[in-house]
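Reading through the structure tokens given below for one structure.
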Amino acid sequence: KVKRMTAPEIYARKGQVPLVCLTAYTAPVAEILDEHCDVLLVGDSVGMVVHGLPSTIGVTMDMMILHAQAVMRGSDKAFVVVDMPFGSYEAGPEEAFHNAARLLKETGAQAVKIESGPTVHETVAYMVQRGIPVMGHVGLRPQAVNVDGGFKAKGRTESERKKVIQEALDTDAAGAFAIVVEGVAEDLAREITVLVKAPTIGIGASAGCDGQVLVTDDMLGLFDWSPKFVRRYADMRGAISKAAEDYAKDVRDRSFPAPQETYFAK
Ligand code: KIV
Ligand code: NA
């Protein structure tokens with residue numbers, strides 16, 4: 001039986017071979033990605049990418065549990081991290097622990113991720129001390145969309161820069177096994193990566209991090225728009241559209257189904 005990657009193994013990858021991480025939300029995609037990734041993140045981006053929500057605010061614990069279960073069924077090698085959805089951890093450590101424990105118990109995933117904020121230092125420490133590996137997330141925080149007024153790159157002013165660095169240091173000191181750094185300029189990403197002991201995993205945060213993550217559906221080219229930091233490794237939108245177009249034509253001109261696609265009486 002294949003053994004999954006572990007949190008200490010990921011922590012030890014600091015400054016070594018870059019950590020490869022992608023998001024996964026379904027069993028078949030997890031099965032494909034599992035062969036190539038160190039970490040599969042069941043991101044709350046699932047709300048936007050799969051469910052068509054305008055932001056991640058509407059994502060629930062039940063949604064995260066269903067998708068994490070699917071990803072666990074589809075994978076057996078990667079380390080699987082589940083995002084804690086908005087509202088499930090910010091109020092304080094005890095509620096965060098309760099919800100994180102539920103995510104791990106009901107899915108078999110190995111760790112949770114929480115976005116940075118005023119309670120994050122205390123909450124990460126509380127969870128790690130009680131057996132839950134935690135991935136941090138600093139810089140652009142999608143769950144802060146309503147206070148920030150949109151998805152905006154972070155750390156562009158000196159005070160914001162200091163704040164992002166402090167959040168990363170606090171998350172690190174609290175015992176996070178890795179820290180996602182999102183939407184910051186290269187110099188800030190490099191500075192954070194030097195300052196923290198945990199490996200940094202960048203998204204829109206330059207090659208200066210200890211690893212990279214992308215939203216899989218973005219890098220597969222499923223949408224007609226993607227942010228500057230995304231490299232589109234496939235044109236899934238084009239491929240799916242072409243397949244549907246061909247199918248529609250074949251149905252309309254009755255060339256599908258053909259005899260080899262048809263059952264006949266014995
Ligand atoms: O929800 C998500 O997909 C994420 C990653 C992009 C880091 O948080
Ligand atoms: Na997320």
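By convention in this document, the chains of the structure tokens carry letters A, B, ... by their order, each chain's residues are numbered from 1, and ligands are numbered from 1 in the order they are shown.
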Exercise. Running DSSP on the backbone, which parts of segment 24-255 of chain A land in helix (DSSP H, G or I), as a ChimeraX atom specification?
Worked result: /A:27-34,46-49,61-74,93-107,120-129,142-148,158-173,186-195,216-219,236-252
Problem set entry | Distance filter 6 Å around ligand 1, atoms: only C-alpha atoms and all ligand atoms, out as an NGL selection string | :A and (23 or 43-45 or 214-215)
Exercise. So what do you get for atom CA of Leu53 of chain A versus atom CA of Phe86 of chain A, distance-wise?
Worked result: 13.3 Å
For this session: Return as a list in words every polymer residue, whether protein, DNA or RNA, with at least one atom no more than 10 Å from an atom of ligand 2; count only C-alpha atoms and all ligand atoms.
Result: Thr23, Leu41, Val42, Gly43, Asp44, Ser45, Val46, Gly47, Thr56, Val82, Asp83, Met84, Pro85, Phe86, Lys113, Ile114, Glu115, His137, Arg141, Pro142, Gln143, Val180, Glu182 and Val215 of chain A
Since we have the selection now, will you write its residues out, keeping N, CA and C atoms, as a short mmCIF file (atom, residue, chain, number, x, y, z; two decimals), in the first residue's frame?
data_model
loop_
_atom_site.label_atom_id
_atom_site.label_comp_id
_atom_site.auth_asym_id
_atom_site.auth_seq_id
_atom_site.Cartn_x
_atom_site.Cartn_y
_atom_site.Cartn_z
N THR A 23 -4.91 22.42 -6.63
CA THR A 23 -6.19 22.19 -5.98
C THR A 23 -6.86 20.99 -6.63
N LEU A 41 -4.71 20.31 -2.55
CA LEU A 41 -5.46 21.22 -1.69
C LEU A 41 -6.93 21.22 -2.11
N VAL A 42 -7.79 20.79 -1.18
CA VAL A 42 -9.22 20.93 -1.42
C VAL A 42 -9.53 22.37 -1.01
N GLY A 43 -9.37 23.28 -1.98
CA GLY A 43 -9.49 24.71 -1.69
C GLY A 43 -10.95 25.14 -1.63
N ASP A 44 -11.20 26.19 -0.83
CA ASP A 44 -12.57 26.72 -0.83
C ASP A 44 -12.84 27.47 -2.13
N SER A 45 -11.81 27.57 -2.98
CA SER A 45 -12.02 28.07 -4.34
C SER A 45 -13.05 27.19 -5.06
N VAL A 46 -13.30 26.00 -4.53
CA VAL A 46 -14.33 25.11 -5.09
C VAL A 46 -15.66 25.85 -5.25
N GLY A 47 -15.93 26.78 -4.34
CA GLY A 47 -17.18 27.53 -4.38
C GLY A 47 -17.31 28.34 -5.66
N THR A 56 -15.57 33.17 -2.10
CA THR A 56 -15.53 31.95 -1.27
C THR A 56 -16.37 32.10 0.01
N VAL A 82 -7.31 20.43 3.56
CA VAL A 82 -8.66 20.96 3.31
C VAL A 82 -8.76 22.39 3.84
N ASP A 83 -9.26 23.29 3.02
CA ASP A 83 -9.49 24.66 3.46
C ASP A 83 -10.62 24.72 4.48
N MET A 84 -10.41 25.49 5.56
CA MET A 84 -11.52 25.75 6.48
C MET A 84 -12.31 26.91 5.87
N PRO A 85 -13.62 26.72 5.69
CA PRO A 85 -14.41 27.77 5.03
C PRO A 85 -14.63 28.99 5.92
N PHE A 86 -14.96 30.10 5.28
CA PHE A 86 -15.26 31.35 5.99
C PHE A 86 -16.28 31.11 7.10
N LYS A 113 -6.21 24.18 6.21
CA LYS A 113 -5.59 25.48 5.94
C LYS A 113 -6.53 26.58 6.40
N ILE A 114 -5.96 27.60 7.07
CA ILE A 114 -6.77 28.76 7.44
C ILE A 114 -6.07 30.03 6.96
N GLU A 115 -6.88 31.00 6.59
CA GLU A 115 -6.34 32.29 6.17
C GLU A 115 -5.94 33.10 7.41
N HIS A 137 -1.91 30.85 5.49
CA HIS A 137 -2.23 31.50 4.21
C HIS A 137 -2.16 33.01 4.45
N ARG A 141 -5.96 37.47 0.87
CA ARG A 141 -6.83 36.50 1.53
C ARG A 141 -8.22 36.60 0.91
N PRO A 142 -8.56 35.62 0.06
CA PRO A 142 -9.85 35.70 -0.64
C PRO A 142 -11.05 35.83 0.29
N GLN A 143 -10.97 35.27 1.51
CA GLN A 143 -12.11 35.35 2.42
C GLN A 143 -12.28 36.77 2.99
N VAL A 180 0.95 29.19 2.69
CA VAL A 180 0.63 29.71 1.35
C VAL A 180 0.83 31.23 1.38
N GLU A 182 0.02 34.38 -1.00
CA GLU A 182 -0.78 34.69 -2.20
C GLU A 182 -0.73 36.17 -2.57
N VAL A 215 -4.81 27.06 -8.88
CA VAL A 215 -6.15 26.49 -8.98
C VAL A 215 -6.15 25.65 -10.26
#
Problem set entry | Which of segment 54-140 of chain A DSSP labels strand (DSSP E), written as a PyMOL selection string | chain A and resi 79-83+111-113+134-139
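Using only C-alpha atoms, the residues found no farther than 10 Å from Leu195 of chain A, other than those of its own chain fewer than 4 positions away, are Ile165, Ala168, Leu169, Asp172, Ala189, Arg190 and Glu191 of chain A.
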Okay, now the selection with N, CA and C atoms, as an mmCIF file, in the first residue's frame?
data_model
loop_
_atom_site.group_PDB
_atom_site.id
_atom_site.type_symbol
_atom_site.label_atom_id
_atom_site.label_comp_id
_atom_site.auth_asym_id
_atom_site.auth_seq_id
_atom_site.Cartn_x
_atom_site.Cartn_y
_atom_site.Cartn_z
ATOM 1 N N ILE A 165 4.321 40.431 6.624
ATOM 2 C CA ILE A 165 5.499 39.763 7.212
ATOM 3 C C ILE A 165 5.176 39.293 8.631
ATOM 4 N N ALA A 168 3.007 36.247 8.623
ATOM 5 C CA ALA A 168 3.778 35.053 8.251
ATOM 6 C C ALA A 168 4.623 34.581 9.435
ATOM 7 N N LEU A 169 5.252 35.523 10.136
ATOM 8 C CA LEU A 169 6.084 35.156 11.299
ATOM 9 C C LEU A 169 5.222 34.543 12.402
ATOM 10 N N ASP A 172 4.155 31.055 11.413
ATOM 11 C CA ASP A 172 5.330 30.179 11.511
ATOM 12 C C ASP A 172 5.604 29.803 12.968
ATOM 13 N N ALA A 189 7.745 38.153 -1.216
ATOM 14 C CA ALA A 189 7.683 36.681 -1.161
ATOM 15 C C ALA A 189 9.051 36.114 -0.756
ATOM 16 N N ARG A 190 10.122 36.683 -1.329
ATOM 17 C CA ARG A 190 11.473 36.206 -1.000
ATOM 18 C C ARG A 190 11.822 36.513 0.450
ATOM 19 N N GLU A 191 11.436 37.701 0.911
ATOM 20 C CA GLU A 191 11.741 38.077 2.290
ATOM 21 C C GLU A 191 11.028 37.144 3.269
#
Near-Glu9 of chain A list (10 Å; only C-alpha atoms; drop same-chain fewer than 4 positions) as a compact mmCIF listing (two decimals) with C-alpha atoms, in the first residue's frame:
# COMPACT_ATOMS: atom_id res chain seq x y z
CA MET A 5 3.28 12.27 2.27
CA ARG A 13 11.27 20.24 2.16
CA LYS A 14 12.14 23.86 3.04
CA ASP A 38 3.17 16.43 -3.32
CA PHE A 79 -0.79 14.95 1.26
CA PHE A 177 3.88 23.08 8.60
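Nearest-residue note for Met135 of chain A: choosing from A:Gly52, A:Pro93, A:Pro257, A:Gly175, the minimum distance belongs to A:Gly175, counting only C-alpha atoms.
The smallest atom-to-atom distance between Ile132 of chain A and any of A:Ala68, A:Ala109, A:Ala27, A:Val120, using only C-alpha atoms, is found for A:Ala109.
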Problem set entry | Selected residue, from A:Tyr126, A:Asp76, A:Gln110, A:Ile179, that lies nearest to Tyr89 of chain A when counting only C-alpha atoms | A:Tyr126
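Counting only C-alpha atoms and comparing A:Gln166, A:Thr26, A:Ser55, A:Ser116, the residue that lies closest to Gln69 of chain A is A:Thr26.
Distance annotation: of A:Thr200, A:Ser206, A:Thr6, A:Gln16, the residue with the minimal separation from Ala185 of chain A is A:Ser206; atom set is only C-alpha atoms.
Atom CA of Cys21 of chain A is found 13.5 Å from atom CA of Asp218 of chain A.
Shortest atom-to-atom contact with Pro133 of chain A among A:Ile65, A:Ile10, A:Met48, A:Ile192: A:Ile10, counting only C-alpha atoms.
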For this session: Mind checking which residues fall within 8 Å of segment 228-236 of chain A, counting only C-alpha atoms, ignoring those fewer than 3 positions away in the same chain, and posting them as a PyMOL selection string?
Result: chain A and resi 203-204+214+218-222+239-240
